[in-house]
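Pasted below: model_38.txt, compact mmCIF, C-alpha atoms.
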```
# COMPACT_ATOMS: atom_id res chain seq x y z
CA MET R 1 69.46 117.06 136.42
CA ASN R 2 70.09 120.79 136.41
CA ARG R 3 73.50 121.78 135.15
CA LEU R 4 75.65 124.81 135.95
CA TYR R 5 78.34 125.93 133.53
CA HIS R 6 80.86 127.69 135.70
CA VAL R 7 84.41 128.79 136.40
CA PRO R 8 85.61 127.72 139.86
CA LEU R 9 86.85 131.06 141.19
CA SER R 10 84.24 133.27 139.48
CA PRO R 11 82.37 135.13 142.23
CA PHE R 12 79.13 135.11 140.23
CA CYS R 13 79.29 131.35 139.73
CA ARG R 14 80.05 130.86 143.40
CA LYS R 15 77.09 132.99 144.41
CA VAL R 16 74.76 130.79 142.37
CA ARG R 17 76.42 127.58 143.60
CA LEU R 18 76.05 128.68 147.22
CA VAL R 19 72.41 129.64 146.83
CA LEU R 20 71.57 126.36 145.07
CA ALA R 21 73.43 124.37 147.75
CA GLU R 22 71.81 126.29 150.60
CA LYS R 23 68.45 125.26 149.16
CA LYS R 24 69.66 121.68 148.69
CA ILE R 25 69.11 121.78 144.93
CA GLU R 26 71.46 119.31 143.29
CA ILE R 27 73.25 120.33 140.14
CA GLU R 28 75.86 118.97 137.85
CA LEU R 29 78.83 121.32 137.59
CA VAL R 30 80.47 121.74 134.19
CA GLU R 31 83.61 123.80 134.03
CA GLU R 32 83.57 126.34 131.24
CA ARG R 33 86.84 127.03 129.48
CA TYR R 34 86.04 130.75 129.33
CA TRP R 35 89.38 131.63 127.81
CA GLU R 36 88.56 129.55 124.74
CA PRO R 37 85.15 130.91 123.76
CA GLU R 38 83.49 128.27 121.68
CA PRO R 39 80.34 128.51 119.58
CA ASP R 40 78.65 126.11 122.02
CA PHE R 41 79.34 128.40 124.93
CA LEU R 42 78.06 131.47 123.13
CA ARG R 43 74.97 129.55 122.09
CA ARG R 44 74.32 128.73 125.72
CA ASN R 45 74.53 132.39 126.69
CA PRO R 46 74.50 135.24 124.19
CA ALA R 47 76.07 137.48 126.86
CA GLY R 48 79.17 135.23 126.69
CA LYS R 49 79.48 135.01 130.47
CA VAL R 50 79.31 132.46 133.26
CA PRO R 51 77.36 131.28 135.15
CA VAL R 52 74.87 129.65 132.82
CA LEU R 53 72.28 127.43 134.45
CA LYS R 54 70.39 124.74 132.56
CA TRP R 55 67.24 124.63 134.61
CA GLN R 56 64.18 122.60 133.69
CA ASN R 57 64.84 122.93 129.96
CA ARG R 58 65.63 126.62 130.16
CA THR R 59 69.04 128.25 129.79
CA LEU R 60 69.51 130.97 132.36
CA SER R 61 72.15 133.66 132.72
CA GLU R 62 72.83 136.70 134.94
CA SER R 63 73.60 135.57 138.47
CA GLN R 64 71.29 137.95 140.32
CA ALA R 65 68.30 137.15 138.10
CA ILE R 66 69.06 133.44 138.59
CA CYS R 67 69.27 133.80 142.39
CA GLU R 68 65.98 135.70 142.57
CA LEU R 69 64.32 133.00 140.45
CA ILE R 70 65.69 130.19 142.63
CA GLU R 71 64.48 132.09 145.69
CA GLU R 72 60.99 132.56 144.28
CA VAL R 73 60.49 128.96 143.19
CA ASN R 74 62.32 127.40 146.18
CA PRO R 75 61.67 129.73 149.11
CA ASN R 76 62.94 127.25 151.67
CA PRO R 77 65.18 128.25 153.45
CA MET R 78 64.18 131.84 152.83
CA LEU R 79 67.01 134.08 151.64
CA MET R 80 64.88 137.17 151.02
CA PRO R 81 63.17 139.01 153.86
CA GLN R 82 59.45 139.76 154.07
CA THR R 83 59.16 143.52 153.64
CA PRO R 84 59.86 145.54 150.47
CA GLU R 85 62.23 147.79 152.45
CA ALA R 86 64.25 144.84 153.74
CA ARG R 87 64.33 143.29 150.28
CA TYR R 88 65.60 146.61 148.91
CA GLU R 89 68.52 146.44 151.33
CA VAL R 90 69.36 142.89 150.21
CA ARG R 91 69.28 143.94 146.56
CA ARG R 92 71.32 147.05 147.23
CA LEU R 93 74.04 144.98 148.87
CA CYS R 94 73.97 142.32 146.16
CA ALA R 95 74.57 145.11 143.63
CA TRP R 96 77.30 146.52 145.88
CA PHE R 97 79.25 143.25 145.78
CA ASP R 98 78.39 142.27 142.20
CA ASP R 99 79.30 145.67 140.83
CA LYS R 100 81.41 147.85 143.12
CA PHE R 101 83.34 145.16 145.02
CA TYR R 102 83.80 143.16 141.84
CA ASN R 103 85.14 146.07 139.80
CA GLU R 104 87.29 147.63 142.50
CA VAL R 105 88.65 144.48 144.10
CA ALA R 106 87.74 141.00 142.88
CA SER R 107 88.13 141.43 139.13
CA LYS R 108 91.47 143.19 139.58
CA LEU R 109 93.00 140.60 141.89
CA LEU R 110 91.55 137.55 140.16
CA MET R 111 92.51 138.88 136.73
CA GLU R 112 96.09 139.60 137.72
CA ARG R 113 96.75 136.58 139.89
CA VAL R 114 94.64 133.84 138.31
CA TYR R 115 93.25 134.56 134.85
CA ARG R 116 96.43 136.03 133.44
CA LYS R 117 98.21 132.81 134.27
CA THR R 118 95.41 130.57 132.97
CA MET R 119 95.10 132.59 129.79
CA GLY R 120 98.85 132.94 129.24
CA LEU R 121 98.76 136.73 129.37
CA GLY R 122 102.08 137.21 131.13
CA TYR R 123 102.98 138.76 134.47
CA PRO R 124 100.55 140.47 136.82
CA ASP R 125 100.17 144.23 136.51
CA SER R 126 101.35 145.33 139.95
CA ARG R 127 99.34 148.54 139.78
CA ASN R 128 96.07 146.59 139.56
CA VAL R 129 97.15 144.31 142.40
CA LYS R 130 98.01 147.32 144.55
CA ASP R 131 94.72 149.06 143.76
CA GLY R 132 92.75 145.90 144.55
CA LEU R 133 94.52 145.34 147.85
CA LYS R 134 93.97 148.96 148.84
CA ALA R 135 90.29 148.89 147.93
CA ILE R 136 89.53 145.64 149.77
CA LYS R 137 90.38 147.40 153.05
CA VAL R 138 87.65 149.97 152.47
CA HIS R 139 85.15 147.21 151.72
CA ILE R 140 86.06 145.19 154.79
CA ASP R 141 85.63 148.33 156.88
CA TYR R 142 82.23 148.90 155.30
CA MET R 143 81.19 145.33 156.09
CA HIS R 144 82.51 145.82 159.62
CA ASP R 145 80.27 148.87 160.04
CA LEU R 146 77.22 146.96 158.80
CA LEU R 147 77.95 143.90 160.94
CA GLU R 148 78.41 145.97 164.08
CA ARG R 149 74.74 146.91 163.74
CA ARG R 150 73.30 143.68 162.31
CA ARG R 151 73.74 139.94 162.71
CA TRP R 152 73.99 139.47 158.96
CA LEU R 153 74.90 141.95 156.25
CA ALA R 154 71.40 143.07 155.30
CA GLY R 155 69.70 142.61 158.68
CA ASP R 156 69.09 140.01 161.35
CA GLN R 157 68.56 137.10 159.00
CA MET R 158 70.92 135.51 156.51
CA THR R 159 70.04 136.57 152.95
CA LEU R 160 71.24 136.57 149.35
CA ALA R 161 73.41 139.55 150.30
CA ASP R 162 75.56 137.36 152.55
CA PHE R 163 76.17 134.95 149.69
CA ALA R 164 76.84 137.81 147.26
CA ALA R 165 79.59 138.97 149.65
CA ALA R 166 80.91 135.57 150.72
CA ALA R 167 81.30 134.42 147.12
CA PRO R 168 84.00 136.90 146.01
CA LEU R 169 85.64 136.84 149.44
CA SER R 170 85.99 133.07 149.21
CA SER R 171 87.64 133.41 145.78
CA LEU R 172 90.04 136.01 147.14
CA ASP R 173 90.69 133.86 150.21
CA TYR R 174 91.78 131.06 147.87
CA ILE R 175 94.61 133.33 146.67
CA SER R 176 95.36 134.70 150.18
CA ASP R 177 94.14 138.21 149.42
CA VAL R 178 91.82 138.68 152.39
CA ASP R 179 93.35 140.10 155.55
CA TRP R 180 91.11 138.48 158.17
CA ASN R 181 92.94 140.32 160.93
CA ARG R 182 91.49 143.62 159.82
CA SER R 183 88.13 143.01 161.51
CA ALA R 184 87.22 140.29 164.00
CA THR R 185 83.57 141.08 163.28
CA VAL R 186 83.92 140.36 159.57
CA LYS R 187 85.99 137.28 160.31
CA ASP R 188 83.28 135.94 162.65
CA TRP R 189 80.64 136.54 159.99
CA TYR R 190 82.74 134.69 157.40
CA ALA R 191 83.44 131.81 159.79
CA LYS R 192 79.70 131.52 160.37
CA ILE R 193 78.77 131.38 156.69
CA LYS R 194 81.81 129.28 155.74
CA SER R 195 80.79 126.54 158.14
CA ARG R 196 77.44 126.03 156.43
CA PRO R 197 77.08 122.77 154.46
CA ALA R 198 76.40 124.91 151.35
CA PHE R 199 80.05 125.93 151.39
CA ARG R 200 81.46 122.40 151.15
CA SER R 201 81.63 122.14 147.39
CA ILE R 202 83.37 125.50 147.10
CA LEU R 203 85.93 124.66 149.75
CA ALA R 204 86.83 121.51 147.79
CA ASP R 205 87.65 123.49 144.61
CA GLN R 206 91.13 123.10 143.21
CA VAL R 207 92.50 125.31 140.48
CA PRO R 208 95.14 123.37 138.50
CA GLY R 209 98.63 124.64 139.21
CA MET R 210 97.44 126.92 141.99
CA ALA R 211 97.09 125.53 145.50
CA PRO R 212 94.63 127.29 147.83
CA SER R 213 95.86 129.33 150.78
CA ARG R 214 96.40 127.43 154.02
CA GLN R 215 93.30 128.80 155.73
CA TYR R 216 91.06 128.44 152.65
CA ALA R 217 89.27 125.22 153.58
CA ASN R 218 89.90 125.50 157.29
CA LEU R 219 86.71 126.20 159.24
CA ASP R 220 88.74 127.29 162.25
CA PHE R 221 90.97 129.78 160.48
CA MET A 1 58.63 165.51 148.68
CA ASN A 2 60.90 162.71 147.46
CA ARG A 3 64.11 163.92 145.89
CA LEU A 4 66.32 162.34 143.25
CA TYR A 5 69.97 163.30 142.98
CA HIS A 6 70.84 162.67 139.37
CA VAL A 7 72.90 163.41 136.28
CA PRO A 8 70.71 164.17 133.23
CA LEU A 9 72.24 161.74 130.73
CA SER A 10 73.05 158.94 133.21
CA PRO A 11 71.17 155.82 132.04
CA PHE A 12 70.71 154.62 135.63
CA CYS A 13 69.19 157.94 136.70
CA ARG A 14 66.94 157.94 133.66
CA LYS A 15 65.74 154.43 134.42
CA VAL A 16 64.68 155.50 137.92
CA ARG A 17 63.13 158.75 136.63
CA LEU A 18 61.10 156.85 134.02
CA VAL A 19 59.85 154.28 136.50
CA LEU A 20 58.86 156.95 139.03
CA ALA A 21 57.12 158.97 136.32
CA GLU A 22 55.33 155.92 134.92
CA LYS A 23 53.90 155.38 138.40
CA LYS A 24 53.03 159.08 138.71
CA ILE A 25 55.26 159.52 141.76
CA GLU A 26 56.37 163.14 141.92
CA ILE A 27 59.95 163.90 142.78
CA GLU A 28 62.18 166.87 143.01
CA LEU A 29 65.20 166.51 140.73
CA VAL A 30 68.56 167.75 142.01
CA GLU A 31 71.46 167.68 139.59
CA GLU A 32 74.58 166.16 141.09
CA ARG A 33 77.90 167.65 140.03
CA TYR A 34 79.47 164.19 139.86
CA TRP A 35 82.77 165.49 138.55
CA GLU A 36 83.28 167.45 141.78
CA PRO A 37 82.77 164.76 144.43
CA GLU A 38 81.87 166.58 147.60
CA PRO A 39 81.60 165.23 151.13
CA ASP A 40 77.84 165.85 150.99
CA PHE A 41 77.47 163.65 147.96
CA LEU A 42 79.52 160.83 149.44
CA ARG A 43 77.53 161.08 152.65
CA ARG A 44 74.34 160.63 150.63
CA ASN A 45 75.70 157.50 149.00
CA PRO A 46 78.79 155.65 150.17
CA ALA A 47 79.04 154.04 146.73
CA GLY A 48 79.69 157.52 145.31
CA LYS A 49 77.27 157.02 142.44
CA VAL A 50 74.04 158.45 141.11
CA PRO A 51 71.11 158.01 141.29
CA VAL A 52 70.44 158.60 144.96
CA LEU A 53 66.81 158.76 145.97
CA LYS A 54 65.62 160.44 149.16
CA TRP A 55 62.49 158.46 149.80
CA GLN A 56 60.38 158.79 152.93
CA ASN A 57 63.37 159.65 155.12
CA ARG A 58 65.57 156.94 153.62
CA THR A 59 68.51 157.42 151.30
CA LEU A 60 68.48 154.84 148.54
CA SER A 61 71.07 153.88 145.94
CA GLU A 62 71.54 151.22 143.24
CA SER A 63 69.06 151.78 140.44
CA GLN A 64 67.80 148.22 140.12
CA ALA A 65 67.20 147.83 143.86
CA ILE A 66 65.38 151.20 143.80
CA CYS A 67 63.19 150.18 140.85
CA GLU A 68 62.24 146.88 142.48
CA LEU A 69 61.33 148.72 145.69
CA ILE A 70 59.21 151.29 143.83
CA GLU A 71 57.51 148.42 142.00
CA GLU A 72 56.76 146.55 145.23
CA VAL A 73 55.35 149.52 147.13
CA ASN A 74 53.58 151.10 144.11
CA PRO A 75 52.51 148.19 141.92
CA ASN A 76 50.24 150.36 139.77
CA PRO A 77 50.80 150.30 136.81
CA MET A 78 52.50 146.94 137.11
CA LEU A 79 56.00 146.77 135.61
CA MET A 80 56.82 143.25 136.80
CA PRO A 81 54.94 140.23 135.47
CA GLN A 82 53.14 137.66 137.62
CA THR A 83 55.20 134.48 137.31
CA PRO A 84 58.73 133.84 138.67
CA GLU A 85 59.88 132.77 135.19
CA ALA A 86 58.62 135.96 133.58
CA ARG A 87 60.15 138.06 136.37
CA TYR A 88 63.46 136.24 135.78
CA GLU A 89 63.37 137.36 132.14
CA VAL A 90 62.75 140.98 133.18
CA ARG A 91 65.66 140.87 135.64
CA ARG A 92 67.94 139.19 133.12
CA LEU A 93 67.29 141.94 130.61
CA CYS A 94 67.67 144.70 133.19
CA ALA A 95 71.10 143.25 133.99
CA TRP A 96 71.84 143.00 130.28
CA PHE A 97 71.28 146.72 129.78
CA ASP A 98 72.67 147.88 133.13
CA ASP A 99 75.82 145.82 132.77
CA LYS A 100 76.59 144.60 129.25
CA PHE A 101 75.03 147.40 127.20
CA TYR A 102 76.35 149.99 129.63
CA ASN A 103 79.92 148.71 129.58
CA GLU A 104 80.12 147.93 125.87
CA VAL A 105 78.19 150.90 124.52
CA ALA A 106 76.71 153.58 126.75
CA SER A 107 79.61 154.24 129.11
CA LYS A 108 82.07 154.40 126.20
CA LEU A 109 80.05 156.83 124.08
CA LEU A 110 78.84 158.99 126.96
CA MET A 111 82.30 159.13 128.50
CA GLU A 112 83.99 160.14 125.29
CA ARG A 113 81.37 162.51 123.93
CA VAL A 114 79.85 164.06 127.06
CA TYR A 115 81.73 163.51 130.31
CA ARG A 116 85.17 164.23 128.91
CA LYS A 117 83.94 167.63 127.84
CA THR A 118 82.12 168.35 131.10
CA MET A 119 85.09 167.21 133.16
CA GLY A 120 87.69 168.96 131.02
CA LEU A 121 89.48 165.73 130.14
CA GLY A 122 90.41 166.65 126.57
CA TYR A 123 89.48 165.12 123.24
CA PRO A 124 87.47 161.92 122.79
CA ASP A 125 89.40 158.67 122.45
CA SER A 126 88.35 157.63 118.95
CA ARG A 127 89.00 153.97 119.70
CA ASN A 128 86.35 153.93 122.43
CA VAL A 129 83.90 155.77 120.19
CA LYS A 130 84.51 153.26 117.41
CA ASP A 131 84.11 150.29 119.76
CA GLY A 132 80.88 151.71 121.18
CA LEU A 133 79.39 152.37 117.75
CA LYS A 134 80.31 148.89 116.61
CA ALA A 135 78.85 147.24 119.72
CA ILE A 136 75.55 149.14 119.60
CA LYS A 137 74.75 147.40 116.31
CA VAL A 138 74.95 144.00 117.95
CA HIS A 139 72.66 145.17 120.75
CA ILE A 140 70.10 146.65 118.38
CA ASP A 141 70.10 143.36 116.47
CA TYR A 142 69.56 141.48 119.73
CA MET A 143 66.63 143.76 120.63
CA HIS A 144 65.29 143.25 117.11
CA ASP A 145 65.34 139.47 117.62
CA LEU A 146 63.51 139.76 120.93
CA LEU A 147 60.92 142.20 119.57
CA GLU A 148 60.17 140.04 116.55
CA ARG A 149 58.86 137.45 119.02
CA ARG A 150 57.34 139.70 121.70
CA ARG A 151 55.39 142.96 121.93
CA TRP A 152 57.77 144.29 124.58
CA LEU A 153 61.34 143.29 125.40
CA ALA A 154 60.61 140.77 128.14
CA GLY A 155 57.21 139.55 126.94
CA ASP A 156 53.78 140.81 125.97
CA GLN A 157 53.53 143.46 128.66
CA MET A 158 55.67 146.53 129.24
CA THR A 159 58.07 145.98 132.14
CA LEU A 160 61.10 147.38 133.94
CA ALA A 161 63.20 145.81 131.17
CA ASP A 162 61.77 148.24 128.62
CA PHE A 163 62.75 151.19 130.80
CA ALA A 164 66.19 149.68 131.47
CA ALA A 165 66.73 149.60 127.70
CA ALA A 166 65.01 152.87 126.79
CA ALA A 167 67.01 154.81 129.39
CA PRO A 168 70.50 154.38 127.86
CA LEU A 169 69.11 154.52 124.32
CA SER A 170 67.51 157.88 125.09
CA SER A 171 70.85 159.20 126.40
CA LEU A 172 72.60 157.98 123.26
CA ASP A 173 69.84 159.42 121.09
CA TYR A 174 70.54 162.82 122.68
CA ILE A 175 74.05 162.65 121.19
CA SER A 176 72.86 161.13 117.87
CA ASP A 177 74.48 157.76 118.45
CA VAL A 178 71.49 155.53 117.73
CA ASP A 179 70.99 154.46 114.13
CA TRP A 180 67.20 154.08 114.08
CA ASN A 181 67.34 152.89 110.48
CA ARG A 182 68.95 149.64 111.53
CA SER A 183 65.68 148.05 112.67
CA ALA A 184 62.15 149.30 112.04
CA THR A 185 61.03 146.91 114.81
CA VAL A 186 63.29 148.50 117.40
CA LYS A 187 62.36 151.98 116.18
CA ASP A 188 58.65 151.18 116.58
CA TRP A 189 59.26 149.92 120.10
CA TYR A 190 61.16 153.07 120.99
CA ALA A 191 58.49 155.32 119.41
CA LYS A 192 55.90 153.52 121.55
CA ILE A 193 57.76 153.96 124.84
CA LYS A 194 58.98 157.46 123.98
CA SER A 195 55.42 158.69 123.51
CA ARG A 196 54.44 157.78 127.07
CA PRO A 197 53.88 160.71 129.44
CA ALA A 198 56.65 159.26 131.65
CA PHE A 199 59.15 160.27 128.99
CA ARG A 200 58.27 163.99 129.01
CA SER A 201 60.71 165.10 131.67
CA ILE A 202 63.58 163.27 130.00
CA LEU A 203 62.80 164.71 126.57
CA ALA A 204 62.96 168.21 128.08
CA ASP A 205 66.54 167.69 129.39
CA GLN A 206 69.16 170.12 128.17
CA VAL A 207 72.86 169.57 128.76
CA PRO A 208 74.63 172.98 128.86
CA GLY A 209 76.74 173.56 125.76
CA MET A 210 75.40 170.44 124.07
CA ALA A 211 72.17 170.65 122.08
CA PRO A 212 70.20 167.41 121.64
CA SER A 213 69.98 165.70 118.26
CA ARG A 214 67.17 166.86 116.00
CA GLN A 215 65.04 163.77 116.51
CA TYR A 216 65.65 163.59 120.28
CA ALA A 217 62.40 165.13 121.50
CA ASN A 218 60.44 164.43 118.34
CA LEU A 219 57.79 161.76 118.90
CA ASP A 220 57.46 161.26 115.16
CA PHE A 221 61.15 160.72 114.40
```

How does this structure look as structure tokens?
Amino acid sequence: MNRLYHVPLSPFCRKVRLVLAEKKIEIELVEERYWEPEPDFLRRNPAGKVPVLKWQNRTLSESQAICELIEEVNPNPMLMPQTPEARYEVRRLCAWFDDKFYNEVASKLLMERVYRKTMGLGYPDSRNVKDGLKAIKVHIDYMHDLLERRRWLAGDQMTLADFAAAAPLSSLDYISDVDWNRSATVKDWYAKIKSRPAFRSILADQVPGMAPSRQYANLDF
Amino acid sequence: MNRLYHVPLSPFCRKVRLVLAEKKIEIELVEERYWEPEPDFLRRNPAGKVPVLKWQNRTLSESQAICELIEEVNPNPMLMPQTPEARYEVRRLCAWFDDKFYNEVASKLLMERVYRKTMGLGYPDSRNVKDGLKAIKVHIDYMHDLLERRRWLAGDQMTLADFAAAAPLSSLDYISDVDWNRSATVKDWYAKIKSRPAFRSILADQVPGMAPSRQYANLDF
């Protein structure tokens, strides 16, 4: 059995979980206590990060490299389009969410509202929270612009880019930090992807001591 | 003519320049004054970053997505291996250098020693410089371990991963921050990639008011 070492609200872990589930690849989930780095963990991944996937006797890290590998060896259903230009757009958007959205929004809000508590680092830094909540508006508007022109984020088919975006949004939705009223278009897109069977495991996540928002697991939010 | 908006010492710009040059694709280089964000620049790339490549009437951003596109449409010489597993290793290492090496080493040293000066932000923060110089040792040791087992970083052929690593190292070599005595294996690898014609344009770079280190353009360093 393949095994994924993960942290429940980590956007990168969720991206890999969603892609594996979409392709109906079963895995055993093992929660990593990232705030207590152990020699075992660092041996699994010299980069010291999650996710780490044990896959057919190999130990894999870096979520985007993992997703591209899963896509190449399990192309059904296809999450990468056929032309180099369309694949470029998928990769550009994956980088957008993994890098820009993560640094400007997700890492700030998750760090202040979740990890600080888990790691016993004291009260949230309200400046980071404010910056994250301001930046998420710009990103939702950007998604709105894309989705006004396309059925899915990178084009007319669902791709890795949709999972790269849905993953951090789902983590932020857990802590009530997504204003779904800002764009009906973005909300419709999220409702569409959230109702996929691949989302079930993520919607069942429970962080100890931190209940999810009311709409989190609700498909009709 | 294709056009690349860039910053000379930016590792991500250098990665794209090296890959284009390796494939003998001519481009016009336009230096971006990143410290004076202008509407034109932000219109070229909503992410507000370099590199931005004007490519056959499209405006492309995100260095890794750009490199994969260039590779797919110009596969000669081939910088991605043939099997999904080998491609995974290339992508993992590209992410390693673009993300981990950049955040722990390159961004710290370049910010403190170059950008601060260019942007008029005062004296270097010696803590960041110290952290960067400490971290680069760990990365050189990691590269040493890989190169003891392989001819190139990701395997026995030269790939995108070698350019993803050589790009930030070349920027740091400009400011004398690479201790080539630490590993003869890593030094040999760098001498090999540095002597490729693709490197010529980068070795001719001159940052105003900041002369390169003595060994920077020397192929026999």

Q. Using only C-alpha atoms, can you list as a ChimeraX atom specification the residues within 9 Å of (96.4, 139.9, 138.6)?
A. /R:107-117,123-126,128-129

Separating atom CA of Leu153 of chain R from atom CA of Trp189 of chain R, to the nearest tenth of an Å, is a gap of 8.7 Å

- Query: chain R residues within 8 Å of chain A, counting only C-alpha atoms: which ones, as number ranges by chain?
  - Reply: R: 47, 61-62, 64-66, 68-69, 72-73, 84-85, 87-89, 91-92, 95-96, 100

Resulting file, chosen residues, C-alpha atoms, as a PDB file, in the coordinates of the input:
```pdb
ATOM      1  CA  ALA R  47      76.070 137.480 126.860  1.00  0.00           C
ATOM      2  CA  SER R  61      72.150 133.660 132.720  1.00  0.00           C
ATOM      3  CA  GLU R  62      72.830 136.700 134.940  1.00  0.00           C
ATOM      4  CA  GLN R  64      71.290 137.950 140.320  1.00  0.00           C
ATOM      5  CA  ALA R  65      68.300 137.150 138.100  1.00  0.00           C
ATOM      6  CA  ILE R  66      69.060 133.440 138.590  1.00  0.00           C
ATOM      7  CA  GLU R  68      65.980 135.700 142.570  1.00  0.00           C
ATOM      8  CA  LEU R  69      64.320 133.000 140.450  1.00  0.00           C
ATOM      9  CA  GLU R  72      60.990 132.560 144.280  1.00  0.00           C
ATOM     10  CA  VAL R  73      60.490 128.960 143.190  1.00  0.00           C
ATOM     11  CA  PRO R  84      59.860 145.540 150.470  1.00  0.00           C
ATOM     12  CA  GLU R  85      62.230 147.790 152.450  1.00  0.00           C
ATOM     13  CA  ARG R  87      64.330 143.290 150.280  1.00  0.00           C
ATOM     14  CA  TYR R  88      65.600 146.610 148.910  1.00  0.00           C
ATOM     15  CA  GLU R  89      68.520 146.440 151.330  1.00  0.00           C
ATOM     16  CA  ARG R  91      69.280 143.940 146.560  1.00  0.00           C
ATOM     17  CA  ARG R  92      71.320 147.050 147.230  1.00  0.00           C
ATOM     18  CA  ALA R  95      74.570 145.110 143.630  1.00  0.00           C
ATOM     19  CA  TRP R  96      77.300 146.520 145.880  1.00  0.00           C
ATOM     20  CA  LYS R 100      81.410 147.850 143.120  1.00  0.00           C
TER      21      LYS R 100
END
```

From the list R:Tyr5, R:Tyr190, R:Tyr174, R:Phe199, the nearest residue to Pro212 of chain R using all atoms listed in the file is R:Tyr174

*Contacts of segment 162-166 of chain A within 8 Å, all atoms listed in the file, excl. fewer than 5 positions in-chain, as a PyMOL selection string*: chain A and resi 11-12+15+18-19+93-94+97-98+152-154+190+193

If we count only C-alpha atoms and set the cut-off at 12 Å, which residues sit around Ser213 of chain R, ignoring sequence neighbours fewer than 6 positions away in its own chain? Please answer as a list in words. Ser170, Ser171, Leu172, Asp173, Tyr174, Ile175, Ser176, Asp177, Val178, Leu203, Asp205, Gln206, Val207 and Phe221 of chain R
